[in-house]
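Undergrad: So here's coords36.txt, just compact mmCIF, C-alpha atoms and all ligand atoms:
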# COMPACT_ATOMS: atom_id res chain seq x y z
CA MET A 721 79.44 117.51 108.53
CA THR A 722 78.61 121.22 108.54
CA LEU A 723 78.85 123.03 105.27
CA LYS A 724 81.14 126.06 105.23
CA TYR A 725 79.46 127.69 102.26
CA SER A 726 76.16 128.77 100.80
CA THR A 727 73.91 126.05 99.47
CA PHE A 728 71.57 125.99 96.51
CA PRO A 729 68.20 124.25 96.10
CA VAL A 730 68.49 120.56 95.33
CA GLN A 731 66.14 118.29 93.47
CA LYS A 732 67.42 114.82 94.32
CA ILE A 733 67.28 111.75 92.11
CA THR A 734 64.77 109.14 93.18
CA LYS A 735 67.02 106.19 92.44
CA SER A 736 70.81 106.35 92.18
CA LYS A 737 72.51 104.92 89.08
CA LEU A 738 75.60 104.20 91.13
CA SER A 739 75.04 100.44 91.41
CA SER A 740 75.03 100.11 87.60
CA ILE A 741 78.56 101.53 87.22
CA ASN A 742 81.52 99.18 87.03
CA PHE A 743 84.25 101.06 88.91
CA ASP A 744 86.85 98.53 87.75
CA ASN A 745 86.32 99.45 84.12
CA LEU A 746 85.91 103.21 83.97
CA LYS A 747 86.60 104.93 80.69
CA PHE A 748 87.19 108.66 80.57
CA GLY A 749 84.02 110.72 80.22
CA ARG A 750 81.50 107.96 79.63
CA ASP A 751 79.57 107.69 82.92
CA PHE A 752 78.02 110.59 84.77
CA SER A 753 77.06 110.94 88.42
CA ASP A 754 73.48 111.32 89.62
CA HIS A 755 73.31 115.10 89.82
CA MET A 756 74.31 118.22 87.90
CA LEU A 757 74.30 121.93 88.58
CA MET A 758 72.42 124.34 86.36
CA ALA A 759 72.42 128.14 86.49
CA GLU A 760 70.62 130.33 84.02
CA TYR A 761 71.48 133.83 82.89
CA ASN A 762 69.03 136.25 81.35
CA ASP A 763 68.00 139.90 81.67
CA ARG A 764 71.66 140.60 82.52
CA ALA A 765 71.68 138.51 85.69
CA TRP A 766 72.54 135.02 86.89
CA LYS A 767 69.58 133.32 88.57
CA THR A 768 69.90 131.06 91.63
CA PRO A 769 71.44 127.77 90.50
CA GLN A 770 69.69 124.46 91.00
CA ILE A 771 71.15 121.05 91.61
CA MET A 772 69.07 118.49 89.76
CA PRO A 773 69.23 114.94 88.41
CA TYR A 774 71.65 114.52 85.48
CA GLN A 775 69.28 114.68 82.53
CA PRO A 776 68.82 115.59 78.87
CA LEU A 777 68.03 119.23 78.14
CA GLU A 778 65.68 120.94 75.75
CA PHE A 779 66.83 123.69 73.40
CA PHE A 780 65.25 125.50 70.50
CA PRO A 781 66.95 124.60 67.20
CA ALA A 782 67.78 128.29 66.83
CA ALA A 783 69.73 128.34 70.13
CA SER A 784 72.79 130.41 69.31
CA VAL A 785 75.39 127.92 70.58
CA PHE A 786 74.47 125.59 67.68
CA HIS A 787 75.13 128.30 65.12
CA TYR A 788 77.76 130.70 66.37
CA GLY A 789 79.53 128.61 68.95
CA GLN A 790 79.62 130.60 72.17
CA ALA A 791 80.69 127.66 74.33
CA ILE A 792 83.47 127.43 76.92
CA PHE A 793 84.45 124.83 79.50
CA GLU A 794 86.77 123.86 82.31
CA GLY A 795 88.18 120.55 83.50
CA LEU A 796 89.34 119.59 86.98
CA LYS A 797 89.25 116.62 89.32
CA ALA A 798 88.16 115.66 92.82
CA HIS A 799 90.10 112.88 94.54
CA LYS A 800 89.08 110.79 97.55
CA ASN A 801 91.39 108.96 99.92
CA GLU A 802 90.78 105.70 101.80
CA ALA A 803 89.52 107.70 104.80
CA GLY A 804 86.79 109.29 102.65
CA GLU A 805 88.28 112.80 102.60
CA VAL A 806 87.77 114.64 99.33
CA PHE A 807 90.34 116.99 97.80
CA ILE A 808 90.05 119.60 95.06
CA PHE A 809 93.08 121.26 93.48
CA ARG A 810 93.12 125.01 92.73
CA ALA A 811 89.48 125.27 91.65
CA ASP A 812 89.72 129.05 92.13
CA GLU A 813 92.15 129.05 89.19
CA ASN A 814 89.59 127.24 87.04
CA LEU A 815 87.03 129.90 87.91
CA LYS A 816 89.46 132.67 86.96
CA ARG A 817 90.24 130.98 83.67
CA LEU A 818 86.58 130.29 82.89
CA ASN A 819 85.86 133.97 83.40
CA ALA A 820 88.80 134.97 81.19
CA SER A 821 87.41 132.63 78.51
CA ALA A 822 83.94 134.18 79.02
CA VAL A 823 85.28 137.70 78.47
CA ARG A 824 87.02 136.66 75.22
CA MET A 825 83.90 134.89 73.92
CA CYS A 826 81.66 137.81 74.87
CA MET A 827 79.83 135.77 77.52
CA PRO A 828 78.89 136.81 81.08
CA GLU A 829 81.31 136.01 83.91
CA ILE A 830 80.26 133.49 86.57
CA PRO A 831 79.99 134.75 90.16
CA GLU A 832 82.37 133.04 92.55
CA ASP A 833 79.64 131.57 94.78
CA ILE A 834 77.84 129.88 91.89
CA PHE A 835 81.04 128.25 90.67
CA MET A 836 82.81 127.43 93.94
CA ASP A 837 79.88 126.72 96.24
CA GLY A 838 78.00 124.95 93.46
CA LEU A 839 81.01 122.74 92.84
CA ARG A 840 81.44 121.95 96.55
CA GLN A 841 77.77 121.16 97.06
CA LEU A 842 77.59 118.96 93.98
CA ILE A 843 80.71 117.01 94.96
CA GLU A 844 79.42 116.60 98.50
CA LEU A 845 76.10 115.27 97.21
CA ASP A 846 77.68 112.79 94.77
CA LYS A 847 80.63 111.90 97.02
CA ASP A 848 79.97 108.18 96.60
CA TRP A 849 80.73 108.57 92.91
CA ILE A 850 84.38 109.46 93.55
CA PRO A 851 86.43 106.33 92.90
CA VAL A 852 89.33 105.63 95.27
CA GLY A 853 92.66 104.34 93.98
CA ALA A 854 95.72 105.22 91.93
CA GLY A 855 94.86 107.59 89.09
CA MET A 856 91.14 107.51 89.90
CA SER A 857 89.06 110.66 90.29
CA LEU A 858 85.75 112.34 89.77
CA TYR A 859 86.30 114.47 86.68
CA LEU A 860 84.47 117.80 87.00
CA ARG A 861 83.27 119.59 83.89
CA PRO A 862 81.95 123.14 84.39
CA PHE A 863 80.80 124.71 81.12
CA MET A 864 78.71 127.53 79.68
CA ILE A 865 76.68 127.79 76.48
CA ALA A 866 74.61 130.51 74.80
CA ASP A 867 70.97 129.65 74.25
CA ASP A 868 69.12 132.61 72.76
CA PRO A 869 66.72 131.24 70.13
CA PHE A 870 67.79 133.89 67.62
CA LEU A 871 69.77 133.60 64.39
CA GLY A 872 71.11 137.14 64.23
CA VAL A 873 74.86 137.32 64.73
CA LYS A 874 75.33 138.99 68.09
CA PRO A 875 76.24 137.95 71.63
CA SER A 876 73.44 135.86 73.10
CA GLY A 877 71.33 137.43 75.84
CA SER A 878 70.79 134.15 77.67
CA TYR A 879 73.22 131.48 78.83
CA LYS A 880 73.33 128.27 80.82
CA PHE A 881 76.19 127.41 83.15
CA MET A 882 76.35 123.76 84.17
CA ILE A 883 78.60 121.41 86.08
CA ILE A 884 78.52 117.71 85.31
CA THR A 885 80.79 115.13 86.93
CA SER A 886 82.16 111.81 85.69
CA PRO A 887 83.99 109.06 87.60
CA SER A 888 87.23 108.36 85.74
CA ALA A 889 90.31 106.21 85.74
CA SER A 890 93.60 107.69 84.50
CA TYR A 891 93.52 109.21 81.03
CA TYR A 892 96.75 108.22 79.33
CA SER A 893 99.39 105.85 80.49
CA GLY A 894 102.94 105.47 79.34
CA ALA A 895 104.72 107.70 76.85
CA VAL A 896 103.26 109.26 73.71
CA LYS A 897 104.46 109.57 70.13
CA VAL A 898 103.98 113.09 68.84
CA LYS A 899 104.37 114.81 65.50
CA ILE A 900 105.35 118.43 64.93
CA GLU A 901 102.43 119.98 63.05
CA SER A 902 103.62 122.22 60.24
CA HIS A 903 100.48 122.63 58.18
CA TYR A 904 97.47 123.15 60.45
CA SER A 905 97.32 125.64 63.35
CA ARG A 906 95.52 125.61 66.68
CA ALA A 907 95.61 129.33 67.39
CA ALA A 908 96.73 132.56 65.79
CA LYS A 909 97.70 135.88 67.37
CA GLY A 910 94.55 137.81 68.14
CA GLY A 911 92.44 134.65 68.06
CA VAL A 912 90.92 132.54 70.85
CA GLY A 913 93.81 130.19 71.66
CA ALA A 914 94.05 131.36 75.26
CA ALA A 915 90.34 130.65 75.87
CA LYS A 916 89.10 127.17 76.74
CA ALA A 917 86.57 127.47 73.94
CA ALA A 918 84.77 124.47 72.47
CA GLY A 919 85.60 125.59 68.93
CA ASN A 920 89.33 125.21 69.54
CA TYR A 921 88.71 121.53 70.12
CA ALA A 922 86.51 121.18 67.02
CA ALA A 923 89.29 122.72 64.93
CA SER A 924 91.89 120.32 66.34
CA LEU A 925 90.05 117.10 65.50
CA LEU A 926 91.04 116.78 61.84
CA PRO A 927 94.77 117.46 62.34
CA ALA A 928 94.78 115.08 65.34
CA LYS A 929 93.03 112.38 63.31
CA LYS A 930 95.57 112.75 60.49
CA ALA A 931 98.43 112.48 62.97
CA GLN A 932 96.83 109.30 64.35
CA GLU A 933 96.56 107.85 60.84
CA GLU A 934 100.32 108.40 60.55
CA GLY A 935 100.86 106.40 63.73
CA TYR A 936 101.18 109.22 66.26
CA ASP A 937 99.18 109.67 69.46
CA GLN A 938 99.15 113.43 69.35
CA LEU A 939 100.68 116.46 67.68
CA ILE A 940 102.73 119.43 68.76
CA TRP A 941 101.19 122.70 67.66
CA THR A 942 103.47 125.38 66.30
CA ASP A 943 102.87 129.09 65.61
CA ALA A 944 100.28 129.81 62.94
CA LYS A 945 102.52 132.20 61.02
CA ASP A 946 105.61 130.13 60.12
CA HIS A 947 105.34 126.90 62.14
CA GLN A 948 108.76 127.71 63.58
CA PHE A 949 107.93 128.02 67.27
CA LEU A 950 106.55 125.40 69.64
CA GLU A 951 103.20 126.04 71.29
CA GLU A 952 101.37 123.11 72.91
CA SER A 953 101.20 119.35 72.80
CA GLY A 954 97.64 118.42 71.88
CA THR A 955 95.51 119.60 74.78
CA MET A 956 98.45 119.90 77.15
CA ASN A 957 101.14 122.53 77.64
CA LEU A 958 104.63 121.58 76.53
CA MET A 959 107.79 121.57 78.65
CA LEU A 960 111.35 120.37 78.31
CA VAL A 961 114.32 119.92 80.61
CA LYS A 962 117.79 120.97 79.50
CA GLY A 963 120.52 120.67 82.13
CA LYS A 964 119.13 122.30 85.28
CA SER A 965 116.63 124.41 83.31
CA LEU A 966 112.93 123.87 82.73
CA LEU A 967 111.81 125.50 79.49
CA THR A 968 108.32 126.24 78.19
CA PRO A 969 106.86 128.60 75.58
CA PRO A 970 105.55 131.92 77.02
CA LEU A 971 101.89 132.91 77.30
CA ASP A 972 102.25 136.53 76.14
CA GLY A 973 101.24 135.85 72.53
CA LYS A 974 97.83 134.62 73.83
CA THR A 975 97.97 131.63 71.50
CA ILE A 976 98.62 129.15 74.32
CA LEU A 977 96.09 127.98 76.87
CA PRO A 978 97.27 129.06 80.35
CA GLY A 979 97.31 125.67 82.05
CA ILE A 980 96.95 125.40 85.81
CA THR A 981 99.23 122.37 85.77
CA ARG A 982 101.76 124.45 83.81
CA LYS A 983 101.58 127.30 86.32
CA SER A 984 101.91 124.92 89.29
CA ILE A 985 104.87 123.04 87.80
CA LEU A 986 106.76 126.24 86.98
CA GLN A 987 106.36 127.38 90.58
CA LEU A 988 107.49 124.00 91.97
CA ALA A 989 110.50 123.89 89.63
CA GLU A 990 111.61 127.27 90.86
CA GLU A 991 111.26 126.18 94.48
CA TRP A 992 113.23 123.03 93.75
CA GLY A 993 116.17 125.01 92.37
CA TYR A 994 115.61 124.65 88.65
CA GLU A 995 116.06 127.63 86.40
CA VAL A 996 112.61 128.32 84.91
CA VAL A 997 112.69 129.77 81.41
CA GLU A 998 109.55 130.98 79.65
CA ARG A 999 110.68 131.93 76.19
CA PRO A 1000 109.98 131.08 72.55
CA ILE A 1001 111.48 127.72 71.58
CA THR A 1002 112.08 126.93 67.93
CA VAL A 1003 111.40 123.58 66.32
CA THR A 1004 115.01 123.61 65.08
CA LYS A 1005 116.40 123.98 68.62
CA LEU A 1006 114.17 121.18 69.87
CA VAL A 1007 115.26 118.80 67.11
CA GLU A 1008 118.95 119.70 67.64
CA GLY A 1009 118.65 119.31 71.39
CA ILE A 1010 117.20 115.82 71.05
CA GLU A 1011 119.78 114.80 68.42
CA GLU A 1012 122.64 116.11 70.56
CA ASN A 1013 121.18 114.67 73.76
CA THR A 1014 121.13 118.03 75.56
CA ILE A 1015 117.37 117.87 76.04
CA SER A 1016 116.86 115.22 78.65
CA GLU A 1017 113.06 115.36 79.10
CA LEU A 1018 110.16 116.39 76.88
CA PHE A 1019 106.57 116.20 78.09
CA GLY A 1020 103.04 117.55 78.02
CA VAL A 1021 101.40 118.83 81.22
CA GLY A 1022 97.69 119.09 82.03
CA THR A 1023 94.96 118.00 84.41
CA ALA A 1024 94.07 114.87 82.46
CA ALA A 1025 97.39 113.01 82.79
CA THR A 1026 99.42 115.48 84.94
CA ILE A 1027 102.52 114.55 82.86
CA ALA A 1028 102.55 112.86 79.46
CA PRO A 1029 106.15 111.96 78.63
CA ILE A 1030 107.07 112.00 74.94
CA SER A 1031 108.97 109.01 73.59
CA VAL A 1032 109.04 109.76 69.87
CA LEU A 1033 109.06 113.07 68.03
CA GLY A 1034 108.20 113.12 64.34
CA TYR A 1035 109.42 116.05 62.27
CA GLU A 1036 109.37 116.08 58.47
CA GLU A 1037 110.99 112.76 57.48
CA LYS A 1038 112.70 112.28 60.83
CA GLN A 1039 111.58 110.22 63.80
CA LEU A 1040 113.58 111.12 66.87
CA GLN A 1041 113.70 108.88 69.90
CA LEU A 1042 113.79 110.27 73.44
CA SER A 1043 115.46 108.37 76.29
CA ASP A 1044 113.54 106.06 78.65
CA TYR A 1045 111.10 108.36 80.44
CA THR A 1046 110.96 106.24 83.58
CA LYS A 1047 114.47 107.54 84.32
CA TRP A 1048 113.59 111.22 83.87
CA GLU A 1049 114.32 112.99 87.12
CA PHE A 1050 112.26 116.18 86.99
CA SER A 1051 109.06 114.98 85.35
CA SER A 1052 108.89 111.82 87.49
CA LYS A 1053 109.39 113.85 90.64
CA VAL A 1054 106.84 116.52 89.78
CA LYS A 1055 104.26 113.95 88.66
CA GLN A 1056 104.60 112.03 91.89
CA TYR A 1057 104.52 115.20 93.97
CA LEU A 1058 101.40 116.59 92.31
CA GLU A 1059 99.59 113.26 92.44
CA GLU A 1060 100.37 112.84 96.13
CA LEU A 1061 99.39 116.44 96.84
CA LYS A 1062 96.06 116.02 95.03
CA THR A 1063 95.23 112.91 97.06
CA GLY A 1064 96.18 114.49 100.39
CA LYS A 1065 99.34 112.42 100.90
CA VAL A 1066 101.79 115.31 101.17
CA LYS A 1067 101.46 118.53 103.13
CA ASP A 1068 99.88 121.33 101.13
CA THR A 1069 102.39 124.14 101.65
CA HIS A 1070 100.98 126.32 98.83
CA ASN A 1071 97.33 126.41 99.85
CA TRP A 1072 96.38 124.70 96.58
CA ILE A 1073 94.14 122.04 98.09
CA GLU A 1074 90.68 122.31 99.51
CA THR A 1075 89.50 119.40 101.65
CA LEU A 1076 85.79 118.66 101.75
C1 LIG A 1101 92.89 122.57 79.35
C2 LIG A 1101 94.06 122.73 78.43
C3 LIG A 1101 95.39 122.65 78.87
C4 LIG A 1101 95.79 122.24 80.27
O1 LIG A 1101 95.29 123.03 81.30
P1 LIG A 1101 95.26 122.48 82.80
O2 LIG A 1101 94.63 123.58 83.56
O3 LIG A 1101 96.64 122.22 83.21
O4 LIG A 1101 94.44 121.23 82.77
C5 LIG A 1101 96.41 122.88 77.96
N1 LIG A 1101 96.13 123.15 76.67
C6 LIG A 1101 94.87 123.22 76.21
C7 LIG A 1101 94.65 123.53 74.77
C8 LIG A 1101 93.80 123.01 77.06
O5 LIG A 1101 92.55 123.07 76.58
Mind converting the file's structure to structure tokens?
TA:
Amino acid sequence: MTLKYSTFPVQKITKSKLSSINFDNLKFGRDFSDHMLMAEYNDRAWKTPQIMPYQPLEFFPAASVFHYGQAIFEGLKAHKNEAGEVFIFRADENLKRLNASAVRMCMPEIPEDIFMDGLRQLIELDKDWIPVGAGMSLYLRPFMIADDPFLGVKPSGSYKFMIITSPSASYYSGAVKVKIESHYSRAAKGGVGAAKAAGNYAASLLPAKKAQEEGYDQLIWTDAKDHQFLEESGTMNLMLVKGKSLLTPPLDGKTILPGITRKSILQLAEEWGYEVVERPITVTKLVEGIEENTISELFGVGTAATIAPISVLGYEEKQLQLSDYTKWEFSSKVKQYLEELKTGKVKDTHNWIETL
């Protein structure tokens, strides 16, 4: 196969770890493929990336990421079909979002060739690590950290951008029980909620753990000011179906992560004749809509699970039950469509898929 893009220097592993991986028992994010990509930034410039064996790294204890948290990441997947073709979904959108996160966290933007060509070359090299089968993928994790060995509070002058990849089975299955969070917040106006910043995840761990102790799988974040408006469902964007309308909270407050799954689903819904409504949704309206049966579907959307249907919603003392999600028309259809698109089974009419 001829490569259609620029290639970077490769230091290959001497012995693949592939034979030690049990592809029938993959857990999310536990095993990593043979190679990784590494690009370094200093003196105001990105240096030529290298592809090298997946390995531990050395940092000075003063490296600024450990102290002041300049760290951002992305998450996407490569799928392989029975014929050995490899598909990636809208990776250009991940690059755009990574660079938007970089700007907010005062980090340098990544040039397109390092991200896109690096990703392609790495996937090509570790192609055998992509599991084939329903819900299986090679999870791709591009990320950037600051590594100046300096304790002064200022933007770091040096950074590392890396891509690691991990063979994965599907992330969630079935429906989730969620709780409306009315004490903790994920993001406030003017904060970093729209950036895929590591610190947002750190801050979410305690509230998520408390929700789990109460018997929920996940929580629904609400606005930081009054906890009146819906924002996201855990690490997924939130959507609901009401009649022939698809509703989701808007991105203009910059407290919601602009999901690529969200964006894709809104476009599909419009094409399929649904009315797409991006507007603030109150907790009160959600609760009423479920109680009065006018909300027919409620679900999270994101790369990990595509769609995570919600079966139970906890709010104050109430526990509201949604209908059987396997009968939900819109979310079932969009999940199936996106999963087939990402595995090359349906025609890509949007130019969202790249085949390697
Ligand atoms: C990554 C992420 C999403 C989903 O984004 P996708 O691009 O659809 O995977 C939603 N919310 C948060 C907080 C996220 O970090």
Undergrad: Hey, could you make a per-residue contact list for chain A against ligand LIG 1101 (chain A) with 6 Å as the cut-off, showing the nearest pair of atoms and its distance in Å to one decimal, counting only C-alpha atoms and all ligand atoms, sorted by chain and number, as JSON lines?
TA:
{"residue": "A:Lys916", "atom": "CA", "partner": "A:LIG1101", "partner_atom": "O5", "distance": 5.4}
{"residue": "A:Thr955", "atom": "CA", "partner": "A:LIG1101", "partner_atom": "C6", "distance": 3.9}
{"residue": "A:Met956", "atom": "CA", "partner": "A:LIG1101", "partner_atom": "C5", "distance": 3.7}
{"residue": "A:Asn957", "atom": "CA", "partner": "A:LIG1101", "partner_atom": "C5", "distance": 4.8}
{"residue": "A:Leu977", "atom": "CA", "partner": "A:LIG1101", "partner_atom": "N1", "distance": 4.8}
{"residue": "A:Gly979", "atom": "CA", "partner": "A:LIG1101", "partner_atom": "O1", "distance": 3.4}
{"residue": "A:Ile980", "atom": "CA", "partner": "A:LIG1101", "partner_atom": "O2", "distance": 3.7}
{"residue": "A:Thr981", "atom": "CA", "partner": "A:LIG1101", "partner_atom": "O3", "distance": 3.6}
{"residue": "A:Arg982", "atom": "CA", "partner": "A:LIG1101", "partner_atom": "O3", "distance": 5.6}
{"residue": "A:Gly1022", "atom": "CA", "partner": "A:LIG1101", "partner_atom": "O3", "distance": 3.5}
{"residue": "A:Thr1023", "atom": "CA", "partner": "A:LIG1101", "partner_atom": "O4", "distance": 3.7}
Undergrad: Hey, can you pull every residue with an atom no more than 6 Å from (86.6, 114.6, 89.2), using all atoms listed in the file, and send it as a list in words?
TA: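 It turns out the residues near that spot are Lys797, Ala798, Ser857, Leu858, Tyr859 and Leu860 of chain A.
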Undergrad: Record the distance separating CA of Ile900 (chain A) and CA of Leu939 (chain A), expressed in Å with one decimal.
TA: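 Separation of CA of Ile900 (chain A) and CA of Leu939 (chain A): 5.8 Å.
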Undergrad: Taking only C-alpha atoms into account, name the residue in A:Phe779, A:Trp849, A:Tyr904, A:Trp766 that is nearest to Phe752 (chain A).
TA: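 That would be A:Trp849, the residue with the smallest distance to Phe752 (chain A).
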Undergrad: Record the distance separating CA of Gln932 (chain A) and CA of Leu1042 (chain A), expressed in Å with one decimal.
TA: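 Interatomic distance here is 19.3 Å.
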Undergrad: Nearest to Glu760 (chain A): which of A:Tyr788, A:Tyr774, A:Tyr879, A:Phe780 is it, counting only C-alpha atoms?
TA: A:Tyr879
Undergrad: Between CA of Lys1067 (chain A) and CA of Glu844 (chain A), measure the distance and give it in Å to one decimal.
TA: 22.6 Å
Undergrad: Check the smallest atom-to-atom distance from each of A:Ala765, A:Ile834, A:Ala1028, A:Met959 to Thr727 (chain A) using all atoms listed in the file, then report the winner.
TA: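 Among the listed residues, the smallest separation from Thr727 (chain A) belongs to A:Ile834.
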Undergrad: So that I can check the surroundings of region 845-847 of chain A, please list as a VMD selection string every protein, DNA and RNA residue that reaches within 9 Å of it, counting all atoms listed in the file and ignoring chain neighbours fewer than 4 positions away.
TA: chain A and resid 753 to 755 800 804 806 840 to 841 858 885
Undergrad: Save the residues we just selected, C-alpha atoms, as a JSON list (two decimals), in the frame of the given file?
TA:
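Final output, saved to out-v1.json:
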[["chain", "number", "residue", "atom", "x", "y", "z"],
["A", 753, "SER", "CA", 77.06, 110.94, 88.42],
["A", 754, "ASP", "CA", 73.48, 111.32, 89.62],
["A", 755, "HIS", "CA", 73.31, 115.10, 89.82],
["A", 800, "LYS", "CA", 89.08, 110.79, 97.55],
["A", 804, "GLY", "CA", 86.79, 109.29, 102.65],
["A", 806, "VAL", "CA", 87.77, 114.64, 99.33],
["A", 840, "ARG", "CA", 81.44, 121.95, 96.55],
["A", 841, "GLN", "CA", 77.77, 121.16, 97.06],
["A", 858, "LEU", "CA", 85.75, 112.34, 89.77],
["A", 885, "THR", "CA", 80.79, 115.13, 86.93]]
Undergrad: Measuring between all atoms listed in the file, which one of A:Ile771, A:Arg764, A:Phe748, A:Gly993 shows the shortest distance to Gln731 (chain A)?
TA: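 Ranking A:Ile771, A:Arg764, A:Phe748, A:Gly993 by distance to Gln731 (chain A), first place goes to A:Ile771.
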Undergrad: Residues within 12 Å of Asp1044 (chain A), please, as a ChimeraX atom specification. Count only C-alpha atoms; anything in the same chain fewer than 5 positions from it doesn't count.
TA: /A:894-896,1016-1018,1029-1032,1049,1052
Undergrad: Between A:Ala820, A:Ala866, A:Ile808, A:Val852, which has the minimum distance to Phe786 (chain A) (counting only C-alpha atoms)?
TA: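 Looking only at the distances to Phe786 (chain A), the closest residue turns out to be A:Ala866.
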Undergrad: Would you mind telling me which residue in A:Leu925, A:Ala944, A:Ile883, A:Ile830 lies nearest to Ala907 (chain A) when using all atoms listed in the file?
TA: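 Of A:Leu925, A:Ala944, A:Ile883, A:Ile830, the one nearest Ala907 (chain A) is A:Ala944, counting all atoms listed in the file.
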Undergrad: Tell me, as a list of chain:residue names, which residues lie within 8 Å of Glu832 (chain A), counting all atoms listed in the file; anything in the same chain fewer than 4 positions away does not count.
TA: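 Using all atoms listed in the file, the neighbours found are A:Leu815, A:Met836, A:Asp837.
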Undergrad: Neighbouring residues of Ile884 (chain A) were defined as those with any atom within 7 Å, considering only C-alpha atoms; residues of the same chain fewer than 6 positions away were excluded. Please report them as a ChimeraX atom specification.
TA: /A:756-757,860-862
Undergrad: Would you compute, for all listed atoms of region 801-809 of chain A, the axis-aligned bounding box grown by 8 Å on each side, and then report its centre and edge lengths in Å rounded to one decimal, as JSON?
TA:
{"center_x": 89.9, "center_y": 113.5, "center_z": 99.1, "size_x": 22.3, "size_y": 31.6, "size_z": 27.3}
Undergrad: Applying 12 Å and all atoms listed in the file, which residues near Lys964 (chain A) remain after dropping the ones on its own chain fewer than 4 positions away? List them as a list in words.
TA: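 Result of the neighbour search: Leu960, Ala989, Glu990, Trp992, Gly993, Tyr994, Glu995, Val996, Val997, Thr1014, Ile1015, Ser1016, Glu1017, Glu1049 and Phe1050 of chain A.
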